[in-house]
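Colleague: I have a structure here, written as structure tokens, and I will follow up with some questions on it.
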Amino acid sequence: MTKPLIPRPDNADNAANVATAALMTGAGDRIELMQTFVRIVEAGNLSAAAVQLGTTQPTVSRRLQSLEQLLGVRLLHRSTHSMRLTVDGERCYEHARNLLVSWATLESDIRGTNEEPEGVLRVVAPHAFGQERLIKPLADYLKRYPRVSVEWLLHDDISLQDFISAGIDCAIQVGEVTDSSLVAIKLAEVPRIVVAAPSVLAGRPVPQQAIDLAGLPWLSLRTFYRNEVFLHHVHTGEIQRLSFTPRLSTDNLYALRTATLEGLGVGIGSTWILTDDLAAGRLVQLAPQWQASALPVNLVYPYARFYPVRLRRFIEMIRAAVPTTLHG
């Protein structure tokens with residue numbers, strides 16, 4: 001039987017194989033060099049990589065130079081305003097990333113489920129939700145795992161385009177997740193109601209029907225509605241569309257609540273942030289049988305073959321905490 005022909009690797013393949021062999025010779029320092037190189041590529045520049053690694057740009061630059069000297073190849077073309085991988089750099093990046101994943105998986109398997117989380121966890125959360133309802137479970141997480149530190153980044157923009165380059169481990173998003181490259185775990189739903197300060201009604205009875213809201217001044221939460229809203233009847237399912245020109249529009253739920261309390265107009269907000277104001281009479285729920293569609297709350301993170309234990313433990317904590325925080 002004729003043996004199948006085995007293609008002979010070209011020079012770039014040889015370089016990649018040499019790189020892999022070199023990286024696997026000696027562990028600690030070389031793993032750090034690989035981690036730095038991968039972070040440079042994914043962050044997009046040395047300065048961002050230094051911030052994400054908690055070190056300085058000169059240190060990152062020295063590690064890159066050490067890796068290039070170790071491998072005997074140039075990995076990056078750098079100029080004042082740009083950076084791009086060389087052919088060897090592209091191959092080294094793929095190999096280094098795979099090796100780091102394999103190493104992390106090995107460590108996790110050997111240490112088992114009792115592995116102590118450590119390192120920096122970077123999380124994005126909405127302003128209002130992240131400032132109020134999630135601080136308590138976040139504090140519980142940090143107290144339980146003292147070797148972890150958290151960068152708690154608050155943004156109301158739900159379209160985080162590139163988790164990897166931003167160094168984000170995961171995000172809590174309110175609203176539909178449209179990015180198919182992300183894992184999305186639905187945690188809960190946020191009910192939304194229509195409210196206004198009593199002064200907006202000017203002594204008139206509280207409107208009971210959605211159509212009665214059309215003549216009132218409106219405020220917009222631009223993240224979820226701007227010039228129109230669709231309200232549904234909680235019992236019949238009937239849908240009513242309302243169009244308006246907002247007196248004020250904002251992308252922040254706190255700002256919407258404050259503007260509503262000032263009597264500037266009608267707003268639609270999450271029930272959890274309005275409950276105390278309604279109970280105290282500072283706000284009134286309008287057309288109580290009509291609500292905006294509830295918004296899903298999702299925990300999202302990029303697909304990967306391996307997730308660090310600090311992220312896995314955070315996912316476990318947040319899945320248990322969010323439903324309680326919305327109704328507690």
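Ordered as shown in the structure tokens, chains take letters A, B, and onward, while each chain numbers its residues from 1 and ligands are numbered from 1 in the order shown.
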Could you produce a table of the residues of segment 132-179 of chain A lying within 9 Å of segment 280-302 of chain A, with the nearest pair of atoms per residue and their separation in Å rounded to one decimal, using only C-alpha atoms, ordered by chain and increasing residue number, as CSV?

Modeller:
```
residue,atom,partner,partner_atom,distance
A:Phe163,CA,A:Pro302,CA,7.0
A:Ile164,CA,A:Pro302,CA,7.9
A:Ile168,CA,A:Tyr301,CA,8.2
A:Asp169,CA,A:Tyr301,CA,6.3
A:Cys170,CA,A:Tyr301,CA,4.4
A:Ala171,CA,A:Val300,CA,5.3
A:Ile172,CA,A:Leu299,CA,4.6
A:Gln173,CA,A:Asn298,CA,5.3
A:Val174,CA,A:Val297,CA,4.5
A:Gly175,CA,A:Leu295,CA,5.2
A:Glu176,CA,A:Pro296,CA,6.4
A:Val177,CA,A:Asn298,CA,7.6
```

Colleague: Output N, CA and C atoms for every residue in that selection, as a PDB file, in the first residue's frame.

Modeller:
```pdb
ATOM      1  N   PHE A 163     -15.660  42.828  23.653  1.00  0.00           N
ATOM      2  CA  PHE A 163     -15.311  42.483  25.030  1.00  0.00           C
ATOM      3  C   PHE A 163     -13.811  42.257  25.180  1.00  0.00           C
ATOM      4  N   ILE A 164     -13.217  41.555  24.222  1.00  0.00           N
ATOM      5  CA  ILE A 164     -11.832  41.133  24.363  1.00  0.00           C
ATOM      6  C   ILE A 164     -10.905  42.327  24.385  1.00  0.00           C
ATOM      7  N   ILE A 168     -12.979  43.029  29.086  1.00  0.00           N
ATOM      8  CA  ILE A 168     -14.168  42.763  29.896  1.00  0.00           C
ATOM      9  C   ILE A 168     -14.392  41.258  30.009  1.00  0.00           C
ATOM     10  N   ASP A 169     -14.621  40.786  31.228  1.00  0.00           N
ATOM     11  CA  ASP A 169     -14.926  39.371  31.440  1.00  0.00           C
ATOM     12  C   ASP A 169     -16.395  39.075  31.183  1.00  0.00           C
ATOM     13  N   CYS A 170     -17.277  39.955  31.656  1.00  0.00           N
ATOM     14  CA  CYS A 170     -18.707  39.729  31.470  1.00  0.00           C
ATOM     15  C   CYS A 170     -19.444  41.044  31.679  1.00  0.00           C
ATOM     16  N   ALA A 171     -20.717  41.044  31.302  1.00  0.00           N
ATOM     17  CA  ALA A 171     -21.541  42.237  31.477  1.00  0.00           C
ATOM     18  C   ALA A 171     -22.948  41.835  31.885  1.00  0.00           C
ATOM     19  N   ILE A 172     -23.573  42.700  32.644  1.00  0.00           N
ATOM     20  CA  ILE A 172     -24.988  42.535  32.963  1.00  0.00           C
ATOM     21  C   ILE A 172     -25.725  43.548  32.105  1.00  0.00           C
ATOM     22  N   GLN A 173     -26.592  43.060  31.238  1.00  0.00           N
ATOM     23  CA  GLN A 173     -27.275  43.929  30.292  1.00  0.00           C
ATOM     24  C   GLN A 173     -28.784  43.858  30.503  1.00  0.00           C
ATOM     25  N   VAL A 174     -29.406  45.029  30.483  1.00  0.00           N
ATOM     26  CA  VAL A 174     -30.856  45.111  30.512  1.00  0.00           C
ATOM     27  C   VAL A 174     -31.312  45.391  29.087  1.00  0.00           C
ATOM     28  N   GLY A 175     -32.143  44.520  28.542  1.00  0.00           N
ATOM     29  CA  GLY A 175     -32.576  44.637  27.155  1.00  0.00           C
ATOM     30  C   GLY A 175     -32.164  43.407  26.367  1.00  0.00           C
ATOM     31  N   GLU A 176     -32.638  43.339  25.138  1.00  0.00           N
ATOM     32  CA  GLU A 176     -32.359  42.179  24.302  1.00  0.00           C
ATOM     33  C   GLU A 176     -30.891  42.133  23.916  1.00  0.00           C
ATOM     34  N   VAL A 177     -30.329  40.926  23.885  1.00  0.00           N
ATOM     35  CA  VAL A 177     -28.950  40.718  23.442  1.00  0.00           C
ATOM     36  C   VAL A 177     -28.984  40.349  21.963  1.00  0.00           C
TER      37      VAL A 177
END
```

Colleague: Skip Ala214 of chain A itself and residues of its chain fewer than 4 positions away, then list as a VMD selection string all residues within 8 Å of it, counting only C-alpha atoms.

Modeller: chain A and resid 210 242 to 244

Colleague: Just the strand (DSSP E or B) stuff from segment 185-237 of chain A, please, per backbone DSSP, written as a PyMOL selection string.

Modeller: chain A and resi 185-196+218-221+228-233

Colleague: A:Arg91, A:Tyr303, A:Gln35, A:Ala128: which is nearest Ser180 of chain A, counting only C-alpha atoms?

Modeller: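 That would be A:Tyr303, the residue with the smallest distance to Ser180 of chain A.
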
Colleague: Restricting the calculation to only C-alpha atoms, which member of A:Arg319, A:Arg313, A:Arg39, A:Arg144 is positioned closest to Tyr93 of chain A?

Modeller: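 Checking each candidate against Tyr93 of chain A, we get A:Arg39 as the closest.
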
Colleague: Give me, as a PyMOL selection string, all polymer residues having an atom no more than 10 Å from Phe129 of chain A, counting only C-alpha atoms and skipping those fewer than 4 positions away in the same chain.

Modeller: chain A and resi 125+133-135+154+156+172-174+253-254+272-273+322+325-326

Colleague: I need the residues from that last selection saved to file as an mmCIF file, in the first residue's frame (with N, CA, C and O atoms), if you can.

Modeller:
```cif
data_model
loop_
_atom_site.group_PDB
_atom_site.id
_atom_site.type_symbol
_atom_site.label_atom_id
_atom_site.label_comp_id
_atom_site.auth_asym_id
_atom_site.auth_seq_id
_atom_site.Cartn_x
_atom_site.Cartn_y
_atom_site.Cartn_z
ATOM 1 N N ALA A 125 -21.872 46.905 34.123
ATOM 2 C CA ALA A 125 -23.267 46.844 34.585
ATOM 3 C C ALA A 125 -23.935 48.180 34.308
ATOM 4 O O ALA A 125 -23.266 49.215 34.215
ATOM 5 N N ARG A 133 -28.792 47.797 43.251
ATOM 6 C CA ARG A 133 -29.221 46.446 43.548
ATOM 7 C C ARG A 133 -28.105 45.408 43.515
ATOM 8 O O ARG A 133 -28.254 44.341 44.101
ATOM 9 N N LEU A 134 -27.000 45.691 42.840
ATOM 10 C CA LEU A 134 -25.966 44.671 42.716
ATOM 11 C C LEU A 134 -24.766 44.869 43.633
ATOM 12 O O LEU A 134 -23.887 44.011 43.697
ATOM 13 N N ILE A 135 -24.705 45.981 44.342
ATOM 14 C CA ILE A 135 -23.564 46.213 45.229
ATOM 15 C C ILE A 135 -23.537 45.206 46.378
ATOM 16 O O ILE A 135 -22.472 44.702 46.763
ATOM 17 N N LEU A 154 -19.546 50.955 35.059
ATOM 18 C CA LEU A 154 -20.963 51.251 34.873
ATOM 19 C C LEU A 154 -21.188 51.968 33.544
ATOM 20 O O LEU A 154 -20.636 53.036 33.293
ATOM 21 N N ASP A 156 -24.516 52.491 30.513
ATOM 22 C CA ASP A 156 -25.883 52.215 30.104
ATOM 23 C C ASP A 156 -25.980 51.811 28.636
ATOM 24 O O ASP A 156 -27.045 51.414 28.178
ATOM 25 N N ILE A 172 -23.573 42.700 32.644
ATOM 26 C CA ILE A 172 -24.988 42.535 32.963
ATOM 27 C C ILE A 172 -25.725 43.548 32.105
ATOM 28 O O ILE A 172 -25.481 44.756 32.197
ATOM 29 N N GLN A 173 -26.592 43.060 31.238
ATOM 30 C CA GLN A 173 -27.275 43.929 30.292
ATOM 31 C C GLN A 173 -28.784 43.858 30.503
ATOM 32 O O GLN A 173 -29.349 42.776 30.657
ATOM 33 N N VAL A 174 -29.406 45.029 30.483
ATOM 34 C CA VAL A 174 -30.856 45.111 30.512
ATOM 35 C C VAL A 174 -31.312 45.391 29.087
ATOM 36 O O VAL A 174 -30.893 46.365 28.477
ATOM 37 N N LEU A 253 -31.286 56.063 33.692
ATOM 38 C CA LEU A 253 -32.516 55.823 34.442
ATOM 39 C C LEU A 253 -32.630 56.744 35.648
ATOM 40 O O LEU A 253 -33.722 57.209 35.992
ATOM 41 N N TYR A 254 -31.515 57.036 36.330
ATOM 42 C CA TYR A 254 -31.550 57.960 37.459
ATOM 43 C C TYR A 254 -32.019 59.343 37.021
ATOM 44 O O TYR A 254 -32.823 59.995 37.688
ATOM 45 N N TRP A 272 -38.596 48.521 40.203
ATOM 46 C CA TRP A 272 -37.779 48.448 41.410
ATOM 47 C C TRP A 272 -37.237 49.805 41.829
ATOM 48 O O TRP A 272 -37.053 50.069 43.009
ATOM 49 N N ILE A 273 -36.991 50.705 40.864
ATOM 50 C CA ILE A 273 -36.421 52.002 41.223
ATOM 51 C C ILE A 273 -37.503 53.027 41.567
ATOM 52 O O ILE A 273 -37.213 54.088 42.113
ATOM 53 N N VAL A 322 -29.739 38.039 41.278
ATOM 54 C CA VAL A 322 -30.519 39.016 40.510
ATOM 55 C C VAL A 322 -32.036 38.882 40.705
ATOM 56 O O VAL A 322 -32.714 39.875 40.947
ATOM 57 N N THR A 325 -32.862 40.544 43.967
ATOM 58 C CA THR A 325 -32.645 41.988 44.014
ATOM 59 C C THR A 325 -33.750 42.752 43.302
ATOM 60 O O THR A 325 -34.043 43.894 43.647
ATOM 61 N N LEU A 326 -34.383 42.124 42.314
ATOM 62 C CA LEU A 326 -35.441 42.816 41.583
ATOM 63 C C LEU A 326 -36.755 42.856 42.347
ATOM 64 O O LEU A 326 -37.600 43.708 42.097
#
```

Colleague: Which distance in Å separates atom CA of Leu221 of chain A and atom CA of Val150 of chain A, to one decimal?

Modeller: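 Result for atom CA of Leu221 of chain A versus atom CA of Val150 of chain A: 28.6 Å, one decimal.
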
Colleague: Compile a residue-level contact table for segment 34-77 of chain A against segment 115-119 of chain A at a cut-off of 12 Å, reporting for every qualifying residue the shortest atom pair and its distance in Å to one decimal, with only C-alpha atoms counted, rows ordered by chain and ascending number, as a Markdown table.

Modeller:
```
| residue | atom | partner | partner_atom | distance |
| --- | --- | --- | --- | --- |
| A:Gln52 | CA | A:Gly119 | CA | 11.2 |
| A:Leu53 | CA | A:Gly119 | CA | 9.9 |
| A:Gly54 | CA | A:Gly119 | CA | 10.4 |
```

Colleague: From the list A:Asn227, A:Ser149, A:Thr260, A:Ser220, which residue is nearest Phe314 of chain A when using only C-alpha atoms?

Modeller: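 Looking at the shortest contact to Phe314 of chain A, the residue is A:Ser149.
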
Colleague: Show me, as a list in words, the residues that have an atom within 10 Å of Val41 of chain A when counting only C-alpha atoms, minus same-chain residues fewer than 5 positions from it.

Modeller: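 Final neighbour list, sorted by chain and number: Thr36, Leu46, Ala49, Leu76, Met83, Arg84, Leu85, Gly89, Glu90, Tyr93, Ile164 and Ser165 of chain A.
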
Colleague: Only N, CA and C atoms, please: the residues just picked out, written as a PDB file, in the first residue's frame.

Modeller:
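Writing done, so here's again11.pdb:
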```
ATOM      1  N   THR A  36       1.348  38.213  28.268  1.00  0.00           N
ATOM      2  CA  THR A  36       1.529  39.615  27.900  1.00  0.00           C
ATOM      3  C   THR A  36       1.322  39.822  26.409  1.00  0.00           C
ATOM      4  N   LEU A  46       0.079  48.595  23.505  1.00  0.00           N
ATOM      5  CA  LEU A  46       0.838  48.281  24.711  1.00  0.00           C
ATOM      6  C   LEU A  46       0.278  48.988  25.933  1.00  0.00           C
ATOM      7  N   ALA A  49      -2.805  47.207  27.168  1.00  0.00           N
ATOM      8  CA  ALA A  49      -2.399  45.926  27.745  1.00  0.00           C
ATOM      9  C   ALA A  49      -1.810  46.130  29.133  1.00  0.00           C
ATOM     10  N   LEU A  76       5.573  41.862  15.983  1.00  0.00           N
ATOM     11  CA  LEU A  76       4.720  43.016  15.718  1.00  0.00           C
ATOM     12  C   LEU A  76       5.447  44.057  14.888  1.00  0.00           C
ATOM     13  N   MET A  83      -0.316  49.395  15.025  1.00  0.00           N
ATOM     14  CA  MET A  83       0.366  48.162  15.394  1.00  0.00           C
ATOM     15  C   MET A  83      -0.300  47.021  14.635  1.00  0.00           C
ATOM     16  N   ARG A  84       0.496  46.146  14.031  1.00  0.00           N
ATOM     17  CA  ARG A  84      -0.078  44.987  13.354  1.00  0.00           C
ATOM     18  C   ARG A  84       0.858  43.803  13.520  1.00  0.00           C
ATOM     19  N   LEU A  85       0.271  42.633  13.487  1.00  0.00           N
ATOM     20  CA  LEU A  85       1.035  41.403  13.641  1.00  0.00           C
ATOM     21  C   LEU A  85       1.804  41.085  12.374  1.00  0.00           C
ATOM     22  N   GLY A  89       3.994  36.603  13.902  1.00  0.00           N
ATOM     23  CA  GLY A  89       3.219  37.051  15.047  1.00  0.00           C
ATOM     24  C   GLY A  89       1.814  36.482  15.054  1.00  0.00           C
ATOM     25  N   GLU A  90       1.180  36.403  13.877  1.00  0.00           N
ATOM     26  CA  GLU A  90      -0.159  35.828  13.790  1.00  0.00           C
ATOM     27  C   GLU A  90      -0.160  34.372  14.231  1.00  0.00           C
ATOM     28  N   TYR A  93       0.542  34.101  17.951  1.00  0.00           N
ATOM     29  CA  TYR A  93      -0.633  34.471  18.736  1.00  0.00           C
ATOM     30  C   TYR A  93      -1.587  33.293  18.866  1.00  0.00           C
ATOM     31  N   ILE A 164     -13.217  41.555  24.222  1.00  0.00           N
ATOM     32  CA  ILE A 164     -11.832  41.133  24.363  1.00  0.00           C
ATOM     33  C   ILE A 164     -10.905  42.327  24.385  1.00  0.00           C
ATOM     34  N   SER A 165     -11.038  43.243  23.406  1.00  0.00           N
ATOM     35  CA  SER A 165     -10.134  44.387  23.360  1.00  0.00           C
ATOM     36  C   SER A 165     -10.327  45.308  24.549  1.00  0.00           C
TER      37      SER A 165
END
```

Colleague: May I ask which of the residues A:Leu71, A:Ala43, A:Phe306, A:Val51 is the closest one to Arg30 of chain A, counting only C-alpha atoms?

Modeller: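 Smallest separation from Arg30 of chain A among the options: A:Leu71.
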
Colleague: Can you work out the spacing between atom CA of Glu228 of chain A and atom CA of Thr275 of chain A in Å, to one decimal?

Modeller: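 Separation of atom CA of Glu228 of chain A and atom CA of Thr275 of chain A: 24.0 Å.
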